[in-house]
Amino acid sequence: MGLAGILLGLALLVWLAFRGWSVLLLAPAAAVVAAAFAGEPLLAHWTQTFMGGAAQFLGQFFPLFLLGALFGKLMEDSGSVTAIARWMMQRLGPGRAILAVVLAGALVTYGGVSLFVALFVLAPMAEALFREAAIPRRLMPAAIALGTSTFTMSALPGTPAIQNAIPMPFFGTTPFAAPGLGVVASVIMLGFGMWWLMRASAAARRNGEPLHFDEPASPGEAAEDPLVRERATTAQGFDPAEIHHSQAAESVPPLVTAALPLVAVIVANLVLSFVVLPRLDTSFLAEARWGATSLSAVGGVWSVAAALTVAIATLLAVNGRRLPSVRRSMDAGANAAVLPALSVASLVGFGAVVAALPAFAVVREWVLSIDGGPLVSLALATNILSALTGSASGGLTIALDALGPTYMRLAAEHGIDPALLHRVAVIGAGTLDSLPHNGAVVTLLAVCGSTHARSYGDIVMTGIVGALIALIAVILLGSLFGSF
């Protein structure tokens, strides 16, 4: 009965979330269903297990949600994202329209700008460029997804994406875990995605496929759509409803000042991870008042949080005067972090209840018995949970909360570098999370003015197939040569 309760709770969570119900309601309800079937105390699991897991997640990662959303909003309102995207698209032009869109998205998201902020800026520019290049609208979502939510989210070393931060407390790693393997995975994702998009564009041109630019995209309407908002907040760290709750600058800054905050994120993250934090005396963290922890458990989150803080300060210093209202922009950015953080925390709370049930031992044994060793089973666990929840961050945290210590023990037994576990887990979470119910997919299609029927097949190729190939390559290379 316990295993049936877990499956029923998960099925209710997935089905009702797909129909637009709030995860804030569904996650505790699904947890109670699972606990009831197991004959466990319901209120104790809700207030102690569920809320304990959710609170621990918020305690670890809310600073990153807050700072990431704030930085993204300030970059948008200052015109910096627009300036960078416009420069990239003008330099490459209609002749390389697909590459221009992909690289523009990659540049801003690797620099710490939230996916959803990037979407609302990139979509209108991509539409104009694709129209001029006679490339069908249906390829816009796949091109934007390739640049914003594949290799810059899960593979490029040092990316400040929340997905890259989640494994750090579990494995004692940094944002730059397994950098060589991350670069290899990034090249595979980018290369395969570009090959597919260029092939699809050429085939469309040969077949005389209509462009479907008769109906303009409506980013504003997509941001206000309750269903889009509900799904989006479980997928990424920005609430789309806050996109228009501030005033943007009337002009864009020069390219150098627009890009400077992005450079600050990358450089500060690198320096903090490898120079500053390792030299600090952090022995005080072992005291009970600081949670009896260690630098290896918190250093990764510290480096990303500090890097985003440096970037925000840099942006305000060089472009703050362009903001019509600094307070309104900062308020909107802060508010945009709340619902996504709570939504993902609720998914984590559900996972904590499931992991605490006696029947979960059966699930654990099944996962660990998968042929191929710890790397393969970790990749499958993160893939499956991210697919079911429609959230890479939610699925990744649930998997590591339940199985993280077990994988660390197996890594020690098999001589596996925790950095390799980190990279496999993050890339694994960023593959099947892009199923049709994923909030980022739903939002992307709405912003681009397309539909699942027109565009989802290309998203599968650039966002799922390419990532799976990269994941397999990382597992094979890691198994043969270890982490590098």
# chains A, B, ... in the order shown; residues from 1 in each chain; ligands from 1

$ residues_around --residues "Gly478 of chain A" --least-positions-apart "2" --cutoff "12 Å" --atoms "only C-alpha atoms" --output "number ranges by chain"
A: 178-182, 184-185, 373-376, 415-424, 470-476, 480-484

$ closest_atom_pairs --of "segment 42-89 of chain A" --to "segment 271-295 of chain A" --cutoff "12 Å" --atoms "only C-alpha atoms" --output "CSV"
residue,atom,partner,partner_atom,distance
A:Gln56,CA,A:Gly291,CA,11.5
A:Gly59,CA,A:Gly291,CA,11.4
A:Gln60,CA,A:Gly291,CA,11.7

$ write_last_selection --atoms "N, CA, C and O atoms" --output "compact mmCIF listing (two decimals), in the first residue's frame"
# COMPACT_ATOMS: atom_id res chain seq x y z
N GLN A 56 14.30 23.75 4.55
CA GLN A 56 15.73 23.53 4.32
C GLN A 56 16.12 24.00 2.91
O GLN A 56 17.17 24.62 2.73
N GLY A 59 16.15 27.73 2.94
CA GLY A 59 17.29 28.21 3.69
C GLY A 59 18.58 28.14 2.88
O GLY A 59 19.45 29.01 3.00
N GLN A 60 18.71 27.13 2.05
CA GLN A 60 19.92 26.98 1.23
C GLN A 60 19.91 27.85 0.00
O GLN A 60 20.94 28.45 -0.36

$ closest_residue --among "A:Ala337, A:Leu139, A:Ala412, A:Ala429" --to "Gly457 of chain A" --atoms "only C-alpha atoms"
A:Leu139

$ closest_residue --among "A:Ile98, A:Ala128, A:Ala313, A:Ala264" --to "Leu197 of chain A" --atoms "only C-alpha atoms"
A:Ile98

$ residues_around --residues "segment 34-42 of chain A" --least-positions-apart "3" --cutoff "12 Å" --atoms "only C-alpha atoms" --output "PyMOL selection string"
chain A and resi 1-13+27-31+45-50+350-360

$ write_last_selection --atoms "N, CA and C atoms" --output "compact mmCIF listing (two decimals), in the first residue's frame"
# COMPACT_ATOMS: atom_id res chain seq x y z
N MET A 1 0.82 -1.21 0.00
CA MET A 1 0.00 0.00 0.00
C MET A 1 0.86 1.26 0.00
N GLY A 2 1.99 1.19 0.69
CA GLY A 2 2.85 2.37 0.76
C GLY A 2 3.35 2.79 -0.60
N LEU A 3 3.79 1.81 -1.41
CA LEU A 3 4.28 2.12 -2.74
C LEU A 3 3.15 2.64 -3.62
N ALA A 4 1.95 2.08 -3.47
CA ALA A 4 0.79 2.57 -4.23
C ALA A 4 0.48 4.01 -3.86
N GLY A 5 0.62 4.35 -2.59
CA GLY A 5 0.38 5.73 -2.15
C GLY A 5 1.37 6.70 -2.76
N ILE A 6 2.65 6.28 -2.85
CA ILE A 6 3.66 7.15 -3.47
C ILE A 6 3.32 7.40 -4.93
N LEU A 7 2.96 6.33 -5.64
CA LEU A 7 2.63 6.46 -7.06
C LEU A 7 1.37 7.29 -7.27
N LEU A 8 0.35 7.08 -6.41
CA LEU A 8 -0.89 7.84 -6.54
C LEU A 8 -0.64 9.32 -6.24
N GLY A 9 0.10 9.62 -5.18
CA GLY A 9 0.40 11.01 -4.86
C GLY A 9 1.15 11.70 -5.98
N LEU A 10 2.13 10.99 -6.56
CA LEU A 10 2.89 11.56 -7.66
C LEU A 10 2.00 11.75 -8.89
N ALA A 11 1.13 10.79 -9.17
CA ALA A 11 0.23 10.91 -10.32
C ALA A 11 -0.71 12.10 -10.17
N LEU A 12 -1.26 12.29 -8.97
CA LEU A 12 -2.14 13.44 -8.73
C LEU A 12 -1.38 14.75 -8.90
N LEU A 13 -0.17 14.79 -8.39
CA LEU A 13 0.65 16.00 -8.51
C LEU A 13 0.89 16.35 -9.97
N ALA A 27 1.32 19.98 -3.81
CA ALA A 27 2.44 19.25 -3.20
C ALA A 27 2.11 18.76 -1.80
N PRO A 28 1.59 19.62 -0.90
CA PRO A 28 1.24 19.07 0.42
C PRO A 28 0.10 18.07 0.36
N ALA A 29 -0.86 18.29 -0.55
CA ALA A 29 -1.97 17.33 -0.69
C ALA A 29 -1.46 15.97 -1.15
N ALA A 30 -0.56 15.98 -2.14
CA ALA A 30 0.00 14.72 -2.62
C ALA A 30 0.82 14.04 -1.54
N ALA A 31 1.52 14.82 -0.74
CA ALA A 31 2.31 14.25 0.35
C ALA A 31 1.41 13.59 1.39
N HIS A 45 3.73 14.51 9.32
CA HIS A 45 4.45 14.57 8.04
C HIS A 45 4.29 15.94 7.38
N TRP A 46 3.12 16.55 7.54
CA TRP A 46 2.92 17.86 6.92
C TRP A 46 3.77 18.93 7.61
N THR A 47 3.66 19.00 8.95
CA THR A 47 4.35 20.10 9.64
C THR A 47 5.83 19.82 9.89
N GLN A 48 6.21 18.56 10.02
CA GLN A 48 7.60 18.26 10.34
C GLN A 48 8.41 17.84 9.11
N THR A 49 7.92 16.85 8.38
CA THR A 49 8.69 16.35 7.24
C THR A 49 8.57 17.27 6.03
N PHE A 50 7.33 17.54 5.62
CA PHE A 50 7.11 18.39 4.44
C PHE A 50 7.70 19.77 4.65
N PHE A 350 7.35 17.65 -0.83
CA PHE A 350 6.71 16.40 -1.23
C PHE A 350 7.75 15.28 -1.32
N GLY A 351 8.88 15.58 -1.93
CA GLY A 351 9.92 14.57 -2.04
C GLY A 351 10.45 14.13 -0.68
N ALA A 352 10.51 15.06 0.28
CA ALA A 352 10.98 14.71 1.62
C ALA A 352 10.04 13.73 2.30
N VAL A 353 8.73 13.94 2.11
CA VAL A 353 7.75 13.01 2.69
C VAL A 353 7.88 11.64 2.05
N VAL A 354 7.98 11.60 0.73
CA VAL A 354 8.11 10.33 0.02
C VAL A 354 9.36 9.58 0.49
N ALA A 355 10.48 10.31 0.62
CA ALA A 355 11.73 9.67 1.02
C ALA A 355 11.68 9.14 2.44
N ALA A 356 10.79 9.72 3.28
CA ALA A 356 10.69 9.29 4.67
C ALA A 356 9.77 8.09 4.87
N LEU A 357 9.02 7.70 3.84
CA LEU A 357 8.09 6.58 3.98
C LEU A 357 8.83 5.24 3.88
N PRO A 358 8.41 4.25 4.65
CA PRO A 358 9.08 2.95 4.59
C PRO A 358 9.13 2.35 3.20
N ALA A 359 8.08 2.58 2.39
CA ALA A 359 8.02 1.98 1.05
C ALA A 359 9.07 2.56 0.11
N PHE A 360 9.63 3.71 0.46
CA PHE A 360 10.62 4.32 -0.44
C PHE A 360 11.88 3.47 -0.52

$ closest_residue --among "A:Gly394, A:Gly320, A:Pro436, A:Gly147" --to "Met194 of chain A" --atoms "only C-alpha atoms"
A:Gly147

$ residues_around --residues "Ile464 of chain A" --least-positions-apart "2" --cutoff "10 Å" --atoms "only C-alpha atoms" --output "PyMOL selection string"
chain A and resi 146+150+189+193+430-435+458-462+466-470

$ atom_distance --atom1 "atom CA of Gly299 of chain A" --atom2 "atom CA of Thr174 of chain A"
7.2 Å

$ closest_residue --among "A:Thr389, A:Ser114, A:Ser455, A:Thr233" --to "Ala142 of chain A" --atoms "only C-alpha atoms"
A:Ser455
